>>> print(open('target_5.tsv').read())   # TSV, C-alpha atoms and all ligand atoms
chain	number	residue	atom	x	y	z
A	27	MET	CA	0.00	0.00	0.00
A	28	ARG	CA	0.93	3.64	-0.45
A	29	ILE	CA	-0.19	5.87	2.42
A	30	GLY	CA	-0.14	9.67	2.44
A	31	ILE	CA	0.26	11.69	5.65
A	32	LEU	CA	-0.43	15.35	6.41
A	33	THR	CA	-0.71	17.57	9.46
A	34	GLY	CA	-3.17	20.48	9.24
A	35	GLY	CA	-4.40	23.38	11.38
A	36	GLY	CA	-2.59	24.68	14.45
A	37	ASP	CA	0.43	22.61	15.39
A	38	CYS	CA	0.82	20.91	18.76
A	39	PRO	CA	3.30	18.72	20.61
A	40	GLY	CA	2.96	15.06	19.58
A	41	LEU	CA	2.48	15.47	15.82
A	42	ASN	CA	5.94	14.12	15.07
A	43	ALA	CA	5.36	11.16	17.38
A	44	ALA	CA	2.25	10.32	15.31
A	45	ILE	CA	4.13	10.69	12.00
A	46	ARG	CA	6.92	8.43	13.28
A	47	ALA	CA	4.40	5.80	14.41
A	48	ILE	CA	2.58	5.81	11.06
A	49	VAL	CA	5.83	5.39	9.16
A	50	ARG	CA	7.09	2.62	11.45
A	51	ARG	CA	3.83	0.69	11.30
A	52	ALA	CA	3.67	1.04	7.53
A	53	VAL	CA	7.27	-0.07	6.99
A	54	VAL	CA	6.80	-3.08	9.27
A	55	ARG	CA	3.77	-4.04	7.15
A	56	GLY	CA	5.71	-3.53	3.91
A	57	ASP	CA	3.85	-0.33	2.97
A	58	GLN	CA	5.20	2.99	1.72
A	59	THR	CA	4.51	6.42	3.20
A	60	ILE	CA	4.47	9.82	1.50
A	61	GLY	CA	4.41	13.05	3.51
A	62	PHE	CA	2.54	16.11	2.18
A	63	ALA	CA	3.80	19.53	3.20
A	64	ASN	CA	1.78	22.16	5.06
A	65	GLY	CA	-1.58	20.51	5.51
A	66	TRP	CA	-4.08	20.58	2.66
A	67	ALA	CA	-1.87	23.06	0.80
A	68	GLY	CA	0.55	20.19	0.09
A	69	MET	CA	-2.24	18.08	-1.40
A	70	LEU	CA	-3.47	20.97	-3.55
A	71	GLU	CA	0.01	21.79	-4.81
A	72	ASP	CA	1.36	18.25	-4.76
A	73	GLN	CA	4.26	18.96	-2.42
A	74	ALA	CA	5.26	15.47	-1.42
A	75	ARG	CA	8.25	13.54	-0.18
A	76	PRO	CA	8.75	9.91	0.71
A	77	LEU	CA	9.08	9.19	4.42
A	78	SER	CA	11.21	6.41	5.84
A	79	ILE	CA	12.34	5.13	9.22
A	80	GLU	CA	15.61	7.04	8.64
A	81	SER	CA	13.94	10.34	7.70
A	82	THR	CA	11.68	10.16	10.76
A	83	ALA	CA	14.37	9.04	13.22
A	84	GLY	CA	14.81	11.14	16.35
A	85	ILE	CA	11.51	13.04	16.09
A	86	LEU	CA	9.51	11.28	18.83
A	87	ALA	CA	10.23	13.99	21.41
A	88	ARG	CA	10.36	16.94	19.02
A	89	GLY	CA	7.58	19.55	19.07
A	90	GLY	CA	5.91	20.96	15.96
A	91	THR	CA	5.61	18.93	12.78
A	92	ILE	CA	8.38	17.95	10.35
A	93	LEU	CA	5.78	18.16	7.57
A	94	GLY	CA	4.78	21.75	8.30
A	95	THR	CA	1.16	22.82	8.63
A	96	SER	CA	-1.28	25.45	7.42
A	97	ARG	CA	-4.90	26.44	7.82
A	98	THR	CA	-5.53	26.03	4.06
A	99	ASN	CA	-9.11	25.04	3.29
A	100	PRO	CA	-9.34	23.29	-0.09
A	101	PHE	CA	-13.10	23.90	-0.10
A	102	ALA	CA	-12.79	27.66	0.51
A	103	GLN	CA	-14.39	29.88	-2.13
A	104	GLU	CA	-11.11	31.32	-3.34
A	105	VAL	CA	-9.61	27.85	-4.03
A	106	GLU	CA	-10.27	26.69	-7.55
A	107	ASP	CA	-11.32	23.05	-7.94
A	108	GLY	CA	-9.91	21.94	-4.58
A	109	LEU	CA	-11.52	18.50	-4.77
A	110	GLY	CA	-10.31	17.89	-8.34
A	111	ARG	CA	-6.75	18.88	-7.46
A	112	ILE	CA	-6.68	16.64	-4.41
A	113	ARG	CA	-8.08	13.78	-6.47
A	114	ALA	CA	-5.27	14.36	-8.98
A	115	THR	CA	-2.65	14.24	-6.21
A	116	PHE	CA	-4.14	10.96	-4.92
A	117	ALA	CA	-3.85	9.55	-8.44
A	118	ALA	CA	-0.34	10.93	-9.08
A	119	HIS	CA	0.97	9.10	-6.01
A	120	ALA	CA	-1.29	6.05	-6.41
A	121	LEU	CA	-2.40	6.52	-2.80
A	122	ASP	CA	-4.34	3.70	-1.18
A	123	GLY	CA	-5.16	5.94	1.73
A	124	LEU	CA	-4.42	9.27	3.38
A	125	ILE	CA	-4.00	9.89	7.09
A	126	ALA	CA	-4.99	13.45	8.05
A	127	ILE	CA	-3.79	14.53	11.48
A	128	GLY	CA	-5.80	17.54	12.57
A	129	GLY	CA	-8.53	19.24	14.53
A	130	GLU	CA	-12.11	20.04	13.54
A	131	ASP	CA	-11.19	21.93	10.34
A	132	THR	CA	-8.65	19.46	8.95
A	133	LEU	CA	-10.86	16.51	9.89
A	134	GLY	CA	-13.87	18.29	8.37
A	135	VAL	CA	-12.03	18.34	5.03
A	136	ALA	CA	-11.09	14.68	5.54
A	137	LEU	CA	-14.77	13.84	5.97
A	138	LYS	CA	-15.74	15.68	2.77
A	139	LEU	CA	-13.03	13.81	0.85
A	140	ALA	CA	-14.22	10.48	2.26
A	141	GLU	CA	-17.74	11.37	1.15
A	142	ALA	CA	-16.27	11.98	-2.31
A	143	GLU	CA	-14.96	8.39	-2.25
A	144	LEU	CA	-11.33	9.21	-1.43
A	145	PRO	CA	-9.94	6.89	1.28
A	146	VAL	CA	-9.10	9.05	4.31
A	147	VAL	CA	-8.60	8.26	8.01
A	148	GLY	CA	-8.30	10.98	10.65
A	149	ILE	CA	-6.19	11.33	13.79
A	150	PRO	CA	-7.48	13.89	16.33
A	151	LYS	CA	-5.01	16.52	17.49
A	152	THR	CA	-5.55	19.91	19.05
A	153	ILE	CA	-4.45	21.37	22.32
A	154	ASP	CA	-8.11	22.48	22.69
A	155	ASN	CA	-9.29	18.84	23.23
A	156	ASP	CA	-12.64	19.74	21.67
A	157	ILE	CA	-13.14	16.78	19.31
A	158	SER	CA	-16.01	14.45	20.22
A	159	GLU	CA	-15.79	10.66	20.40
A	160	THR	CA	-12.27	10.71	21.81
A	161	ASP	CA	-11.40	11.21	25.46
A	162	TYR	CA	-8.26	13.16	24.56
A	163	THR	CA	-6.68	14.72	21.51
A	164	ILE	CA	-2.94	14.78	20.87
A	165	GLY	CA	-1.34	17.89	22.42
A	166	PHE	CA	-3.89	18.61	25.13
A	167	GLN	CA	-2.08	17.00	28.05
A	168	THR	CA	1.16	18.77	27.17
A	169	ALA	CA	-0.59	22.14	26.95
A	170	VAL	CA	-2.20	21.55	30.35
A	171	ALA	CA	1.20	20.76	31.88
A	172	ILE	CA	2.69	23.94	30.39
A	173	VAL	CA	-0.17	26.09	31.71
A	174	ALA	CA	-0.12	24.44	35.16
A	175	GLU	CA	3.58	25.17	35.42
A	176	ALA	CA	2.99	28.79	34.38
A	177	ILE	CA	0.29	29.15	37.05
A	178	ASP	CA	2.66	27.76	39.69
A	179	ARG	CA	5.21	30.37	38.69
A	180	LEU	CA	2.65	33.17	38.66
A	181	HIS	CA	1.56	32.17	42.18
A	182	SER	CA	4.86	33.15	43.75
A	183	THR	CA	5.07	36.55	42.08
A	184	ALA	CA	1.36	37.19	42.75
A	185	GLU	CA	1.95	36.47	46.43
A	186	SER	CA	5.00	38.73	46.68
A	187	HIS	CA	3.16	41.67	45.10
A	188	HIS	CA	-0.32	41.00	46.54
A	189	ARG	CA	-1.75	41.01	43.03
A	190	VAL	CA	-4.49	39.37	41.04
A	191	MET	CA	-2.97	37.47	38.11
A	192	VAL	CA	-5.17	36.83	35.08
A	193	VAL	CA	-3.88	33.97	32.91
A	194	GLU	CA	-5.32	33.85	29.39
A	195	VAL	CA	-5.07	30.41	27.78
A	196	MET	CA	-6.16	28.94	24.44
A	197	GLY	CA	-9.59	27.44	23.89
A	198	ARG	CA	-11.92	28.95	21.35
A	199	HIS	CA	-15.17	27.03	21.90
A	200	ALA	CA	-14.20	24.80	24.79
A	201	GLY	CA	-12.47	25.53	28.07
A	202	TRP	CA	-10.66	22.23	28.56
A	203	ILE	CA	-7.20	23.72	29.03
A	204	ALA	CA	-8.50	26.42	31.39
A	205	THR	CA	-10.46	23.90	33.46
A	206	HIS	CA	-7.78	21.23	33.76
A	207	ALA	CA	-4.84	23.61	34.25
A	208	GLY	CA	-6.95	25.79	36.55
A	209	ILE	CA	-7.77	22.84	38.80
A	210	ALA	CA	-4.14	21.65	38.68
A	211	GLY	CA	-2.86	25.14	39.49
A	212	GLY	CA	-5.40	25.93	42.21
A	213	ALA	CA	-7.09	28.81	40.35
A	214	ASP	CA	-9.48	31.05	42.29
A	215	ALA	CA	-11.73	31.53	39.28
A	216	ILE	CA	-11.86	29.77	35.90
A	217	LEU	CA	-13.70	31.35	32.98
A	218	ILE	CA	-14.64	29.19	30.00
A	219	PRO	CA	-16.77	29.63	26.86
A	220	GLU	CA	-19.31	27.04	28.05
A	221	GLN	CA	-20.21	29.06	31.18
A	222	PRO	CA	-20.75	32.77	30.42
A	223	PHE	CA	-19.33	34.67	33.38
A	224	ASP	CA	-20.53	37.59	35.43
A	225	ILE	CA	-17.66	39.98	36.13
A	226	GLU	CA	-19.33	41.09	39.37
A	227	SER	CA	-19.35	37.56	40.73
A	228	VAL	CA	-15.70	37.04	39.67
A	229	CYS	CA	-14.84	40.17	41.67
A	230	ARG	CA	-16.91	38.86	44.60
A	231	HIS	CA	-14.73	35.71	44.67
A	232	LEU	CA	-11.61	37.88	44.72
A	233	ARG	CA	-12.91	40.06	47.56
A	234	THR	CA	-13.97	37.00	49.59
A	235	ARG	CA	-10.46	35.64	49.25
A	236	ARG	CA	-8.95	38.92	50.51
A	237	GLU	CA	-11.36	38.85	53.44
A	238	ARG	CA	-10.05	35.39	54.28
A	239	GLY	CA	-6.58	36.89	54.48
A	240	ARG	CA	-5.22	35.78	51.11
A	241	SER	CA	-3.60	38.81	49.49
A	242	PHE	CA	-3.33	37.41	45.97
A	243	SER	CA	-5.48	35.49	43.47
A	244	ILE	CA	-5.22	33.64	40.18
A	245	VAL	CA	-7.92	33.89	37.50
A	246	VAL	CA	-7.63	31.54	34.52
A	247	ALA	CA	-9.58	32.58	31.41
A	248	ALA	CA	-9.98	30.68	28.16
A	249	GLU	CA	-9.55	33.02	25.18
A	250	GLY	CA	-13.13	32.23	24.14
A	251	ALA	CA	-14.66	32.99	27.57
A	252	ILE	CA	-17.79	35.07	27.17
A	253	PRO	CA	-19.11	37.66	29.61
A	254	ARG	CA	-22.82	37.49	30.34
A	255	ALA	CA	-24.61	39.95	28.08
A	256	GLY	CA	-24.39	43.55	29.02
A	257	ASN	CA	-21.71	44.17	31.56
A	258	LEU	CA	-18.37	43.77	29.80
A	259	GLN	CA	-17.16	44.37	26.24
A	260	VAL	CA	-14.44	42.03	24.94
A	261	ARG	CA	-12.42	43.07	21.91
A	262	SER	CA	-11.41	40.49	19.32
A	263	GLY	CA	-7.89	40.09	17.92
A	264	GLY	CA	-9.31	40.78	14.41
A	265	GLY	CA	-9.05	38.88	11.14
A	266	ARG	CA	-10.34	35.45	10.09
A	267	ASP	CA	-8.63	32.31	8.82
A	268	SER	CA	-9.70	30.39	5.70
A	269	PHE	CA	-12.12	28.30	7.79
A	270	GLY	CA	-13.80	31.53	8.94
A	271	HIS	CA	-12.57	31.54	12.55
A	272	VAL	CA	-12.11	34.95	14.13
A	273	ARG	CA	-8.67	35.46	15.66
A	274	LEU	CA	-9.25	35.68	19.39
A	275	GLY	CA	-7.09	37.23	22.07
A	276	GLY	CA	-8.00	40.05	24.37
A	277	ILE	CA	-10.07	38.63	27.21
A	278	GLY	CA	-7.04	38.71	29.55
A	279	ILE	CA	-6.46	42.44	29.06
A	280	THR	CA	-10.18	43.18	29.33
A	281	LEU	CA	-10.31	41.29	32.64
A	282	GLU	CA	-7.17	42.97	33.94
A	283	GLU	CA	-8.79	46.39	33.52
A	284	ALA	CA	-12.24	45.32	34.71
A	285	ILE	CA	-11.00	43.59	37.87
A	286	GLU	CA	-8.66	46.38	38.89
A	287	GLN	CA	-11.32	49.00	38.29
A	288	ARG	CA	-14.02	47.16	40.25
A	289	THR	CA	-11.96	45.83	43.16
A	290	GLY	CA	-9.05	48.24	43.44
A	291	PHE	CA	-6.73	45.20	43.59
A	292	GLU	CA	-3.60	45.56	41.51
A	293	THR	CA	-4.01	43.17	38.57
A	294	ARG	CA	-1.74	41.85	35.81
A	295	ALA	CA	-2.60	39.76	32.76
A	296	THR	CA	-0.40	37.08	31.22
A	297	ILE	CA	-1.32	35.78	27.78
A	298	LEU	CA	0.37	32.41	27.35
A	299	GLY	CA	-0.47	32.18	23.64
A	300	HIS	CA	1.57	29.87	21.47
A	301	VAL	CA	3.90	28.86	24.29
A	302	GLN	CA	1.12	26.34	25.00
A	303	ARG	CA	1.63	24.71	21.60
A	304	GLY	CA	5.41	24.62	21.55
A	305	GLY	CA	8.15	22.30	22.66
A	306	THR	CA	8.45	18.67	23.54
A	307	PRO	CA	5.33	16.51	24.04
A	308	SER	CA	4.58	14.95	27.43
A	309	ALA	CA	5.01	11.21	27.84
A	310	PHE	CA	1.21	10.85	27.73
A	311	ASP	CA	1.00	12.62	24.36
A	312	ARG	CA	3.87	10.56	22.94
A	313	VAL	CA	2.08	7.35	23.90
A	314	LEU	CA	-1.30	8.58	22.64
A	315	ALA	CA	0.18	9.76	19.32
A	316	THR	CA	2.04	6.48	18.89
A	317	ARG	CA	-1.08	4.39	19.54
A	318	LEU	CA	-3.25	6.53	17.24
A	319	GLY	CA	-0.62	6.48	14.48
A	320	VAL	CA	-0.36	2.70	14.51
A	321	ALA	CA	-4.15	2.32	14.63
A	322	ALA	CA	-4.62	4.72	11.68
A	323	VAL	CA	-2.40	2.57	9.43
A	324	ASP	CA	-4.29	-0.52	10.53
A	325	ALA	CA	-7.60	1.22	9.72
A	326	ILE	CA	-6.40	2.04	6.19
A	327	ALA	CA	-5.17	-1.54	5.77
A	328	ALA	CA	-8.62	-2.76	6.85
A	329	GLY	CA	-10.15	-0.67	4.05
A	330	GLU	CA	-11.76	1.88	6.36
A	331	SER	CA	-12.43	5.48	5.33
A	332	GLY	CA	-14.37	8.39	6.78
A	333	VAL	CA	-13.27	7.29	10.24
A	334	MET	CA	-11.12	8.66	13.03
A	335	VAL	CA	-9.00	6.70	15.46
A	336	ALA	CA	-9.83	7.65	19.02
A	337	LEU	CA	-9.04	7.02	22.66
A	338	GLN	CA	-12.05	5.75	24.58
A	339	GLY	CA	-11.26	4.82	28.15
A	340	THR	CA	-8.05	2.84	27.79
A	341	ALA	CA	-8.86	1.47	24.32
A	342	ILE	CA	-8.06	2.84	20.88
A	343	ARG	CA	-11.15	2.55	18.68
A	344	THR	CA	-12.23	3.55	15.19
A	345	VAL	CA	-15.18	5.96	15.18
A	346	SER	CA	-17.15	7.70	12.45
A	347	LEU	CA	-15.70	11.08	11.47
A	348	GLN	CA	-19.19	12.38	11.01
A	349	ARG	CA	-20.11	11.61	14.62
A	350	ALA	CA	-16.81	12.98	15.89
A	351	LEU	CA	-17.43	16.28	14.13
A	352	SER	CA	-21.17	16.59	14.66
A	353	ALA	CA	-20.62	18.87	17.68
A	354	PRO	CA	-17.56	20.09	19.57
A	355	LYS	CA	-16.78	18.26	22.80
A	356	LEU	CA	-17.47	20.75	25.57
A	357	VAL	CA	-16.36	20.78	29.19
A	358	ASP	CA	-18.53	18.50	31.30
A	359	PRO	CA	-20.58	20.64	33.73
A	360	ASP	CA	-19.72	18.18	36.54
A	361	LEU	CA	-16.03	18.78	36.00
A	362	TYR	CA	-16.60	22.54	36.08
A	363	ALA	CA	-18.66	22.20	39.24
A	364	THR	CA	-15.68	20.47	40.87
A	365	ALA	CA	-13.43	23.38	39.84
A	366	GLU	CA	-15.99	25.85	41.26
A	367	VAL	CA	-15.66	24.37	44.74
A	368	PHE	CA	-12.30	26.14	44.91
A	369	PHE	CA	-13.39	29.57	43.62
A	370	GLY	CA	-12.97	32.50	45.97
B	1	LIG	O1	-5.28	24.91	17.23
B	1	LIG	C1	-6.20	25.48	18.10
B	1	LIG	C2	-5.68	26.81	18.57
B	1	LIG	O2	-4.53	26.60	19.32
B	1	LIG	C3	-6.73	27.59	19.33
B	1	LIG	O3	-6.77	27.30	20.69
B	1	LIG	C4	-6.33	29.02	19.05
B	1	LIG	O4	-7.44	29.88	19.11
B	1	LIG	C5	-5.80	28.95	17.67
B	1	LIG	O5	-5.34	27.63	17.48
B	1	LIG	C6	-4.71	29.92	17.35
B	1	LIG	O6	-4.43	29.83	16.00
B	1	LIG	P1	-3.18	30.46	15.26
B	1	LIG	O7	-1.99	29.61	15.60
B	1	LIG	O8	-3.53	30.37	13.83
B	1	LIG	O9	-3.01	31.84	15.79
>>> encode(input="target_5.tsv", output="structure tokens", more="lines below")
Ligand code: F6P
Amino acid sequence: MRIGILTGGGDCPGLNAAIRAIVRRAVVRGDQTIGFANGWAGMLEDQARPLSIESTAGILARGGTILGTSRTNPFAQEVEDGLGRIRATFAAHALDGLIAIGGEDTLGVALKLAEAELPVVGIPKTIDNDISETDYTIGFQTAVAIVAEAIDRLHSTAESHHRVMVVEVMGRHAGWIATHAGIAGGADAILIPEQPFDIESVCRHLRTRRERGRSFSIVVAAEGAIPRAGNLQVRSGGGRDSFGHVRLGGIGITLEEAIEQRTGFETRATILGHVQRGGTPSAFDRVLATRLGVAAVDAIAAGESGVMVALQGTAIRTVSLQRALSAPKLVDPDLYATAEVFFG
């Protein structure tokens, strides 16, 4: 068999571990692997190179993706005959299957291709962890560890200066990073897109804490956190990508001003940004990526298409891409309720 591989959308730690696993599994089976550069752009423009055990040696622990990535959408209006060009690339390389490693956008394209009878299997990756049908996506656990460490560090400086520290983390539609890292870091308030927040009640938590004799606080906010209508205006970072997503960024600064103004407590915002997506993957992500990579090759070999390999409990399973993408996986209200026990 000849198997294509691409990584699309935002990068994350663990992509290289998945690429390495796909190549190793394929070679062991006697198959060939071809890497496409920069996500769907590489399929549109036929930018391909053969991958081997040698060319993927030493990448298990390396962040980013050796294939490069992009947010190119082959079905965007400005792209001429995206489907036809991808079909031509499949034919030019005599591909028996393509493994697309990505989040909702990349996997959404994979689903459309599968519906057009091209054999595609997806691997879920995104630090946001917002893909349904899988317990975790590649990159999430590493991002949580990075944010938890940052919160630990912010604690000591917050305490010295008697400040409120606002930590803005990634998470457009889902507050998984904020919730997990906030619990791990002992946050005094966690703001996520799923639970529109009231700035007055956030400030109440901070005042209560001062009254209890704690002179500093940590507020963790997902970039997509939404204030309840009416009492706070959040600015957007501006611009949209080719999948139509608005560039976020700004809630941290908005909160810094709003909290200081309402409480009189000195407040500082830290926007962790792409630090959360960089560097070496955690051991968990290396294992997850390895298992998903091996399973994706096996799914192609079994003739499957329009599916995603997923972690469910402790098992790796093959699930329908359509189901996985039917709705984003949002933070479980029970988990958030556990985090709330520690607010204020
Ligand atoms: O890949 C998901 C994500 O990390 C989001 O959490 C974030 O909003 C977005 O990517 C940032 O995208 P970019 O790297 O294009 O600025």
>>> residues_around(input="target_5.tsv", residues="region 119-136 of chain A", least_positions_apart="5", cutoff="6 Å", atoms="all atoms listed in the file", output="number ranges by chain")
A: 27-34, 145-152
>>> write_last_selection(input="target_5.tsv", atoms="C-alpha atoms", output="mmCIF file, in the coordinates of the input")
data_model
loop_
_atom_site.group_PDB
_atom_site.id
_atom_site.type_symbol
_atom_site.label_atom_id
_atom_site.label_comp_id
_atom_site.auth_asym_id
_atom_site.auth_seq_id
_atom_site.Cartn_x
_atom_site.Cartn_y
_atom_site.Cartn_z
ATOM 1 C CA MET A 27 0.000 0.000 0.000
ATOM 2 C CA ARG A 28 0.930 3.640 -0.450
ATOM 3 C CA ILE A 29 -0.190 5.870 2.420
ATOM 4 C CA GLY A 30 -0.140 9.670 2.440
ATOM 5 C CA ILE A 31 0.260 11.690 5.650
ATOM 6 C CA LEU A 32 -0.430 15.350 6.410
ATOM 7 C CA THR A 33 -0.710 17.570 9.460
ATOM 8 C CA GLY A 34 -3.170 20.480 9.240
ATOM 9 C CA PRO A 145 -9.940 6.890 1.280
ATOM 10 C CA VAL A 146 -9.100 9.050 4.310
ATOM 11 C CA VAL A 147 -8.600 8.260 8.010
ATOM 12 C CA GLY A 148 -8.300 10.980 10.650
ATOM 13 C CA ILE A 149 -6.190 11.330 13.790
ATOM 14 C CA PRO A 150 -7.480 13.890 16.330
ATOM 15 C CA LYS A 151 -5.010 16.520 17.490
ATOM 16 C CA THR A 152 -5.550 19.910 19.050
#
>>> closest_residue(input="target_5.tsv", among="A:Glu141, A:Glu80, A:Asp154, A:Asp107", to="ligand LIG 1 (chain B)", atoms="all atoms listed in the file")
A:Asp154
>>> residues_near_point(input="target_5.tsv", point="(-18.8, 7.9, 11.5)", cutoff="10 Å", atoms="only C-alpha atoms", output="number ranges by chain")
A: 137, 159, 331-334, 344-352
>>> atom_distance(input="target_5.tsv", atom1="CA of Pro222 (chain A)", atom2="CA of Gln287 (chain A)")
20.4 Å
>>> closest_residue(input="target_5.tsv", among="A:Asp224, A:Glu249, A:Glu175, A:Asp358", to="ligand LIG 1 (chain B)", atoms="only C-alpha atoms and all ligand atoms")
A:Glu249
>>> decode(input="target_5.tsv", residues="region 147-167 of chain A", atoms="C-alpha atoms", output="PDB file, in the first residue's frame")
ATOM      1  CA  VAL A 147      -8.597   8.260   8.006  1.00  0.00           C
ATOM      2  CA  GLY A 148      -8.298  10.985  10.655  1.00  0.00           C
ATOM      3  CA  ILE A 149      -6.186  11.332  13.793  1.00  0.00           C
ATOM      4  CA  PRO A 150      -7.477  13.893  16.328  1.00  0.00           C
ATOM      5  CA  LYS A 151      -5.008  16.518  17.492  1.00  0.00           C
ATOM      6  CA  THR A 152      -5.547  19.909  19.046  1.00  0.00           C
ATOM      7  CA  ILE A 153      -4.455  21.372  22.324  1.00  0.00           C
ATOM      8  CA  ASP A 154      -8.106  22.481  22.690  1.00  0.00           C
ATOM      9  CA  ASN A 155      -9.287  18.844  23.234  1.00  0.00           C
ATOM     10  CA  ASP A 156     -12.639  19.737  21.669  1.00  0.00           C
ATOM     11  CA  ILE A 157     -13.138  16.777  19.307  1.00  0.00           C
ATOM     12  CA  SER A 158     -16.005  14.454  20.221  1.00  0.00           C
ATOM     13  CA  GLU A 159     -15.795  10.659  20.403  1.00  0.00           C
ATOM     14  CA  THR A 160     -12.267  10.710  21.809  1.00  0.00           C
ATOM     15  CA  ASP A 161     -11.396  11.207  25.460  1.00  0.00           C
ATOM     16  CA  TYR A 162      -8.264  13.162  24.565  1.00  0.00           C
ATOM     17  CA  THR A 163      -6.684  14.715  21.506  1.00  0.00           C
ATOM     18  CA  ILE A 164      -2.937  14.778  20.869  1.00  0.00           C
ATOM     19  CA  GLY A 165      -1.340  17.891  22.421  1.00  0.00           C
ATOM     20  CA  PHE A 166      -3.893  18.607  25.128  1.00  0.00           C
ATOM     21  CA  GLN A 167      -2.083  16.997  28.053  1.00  0.00           C
TER      22      GLN A 167
END
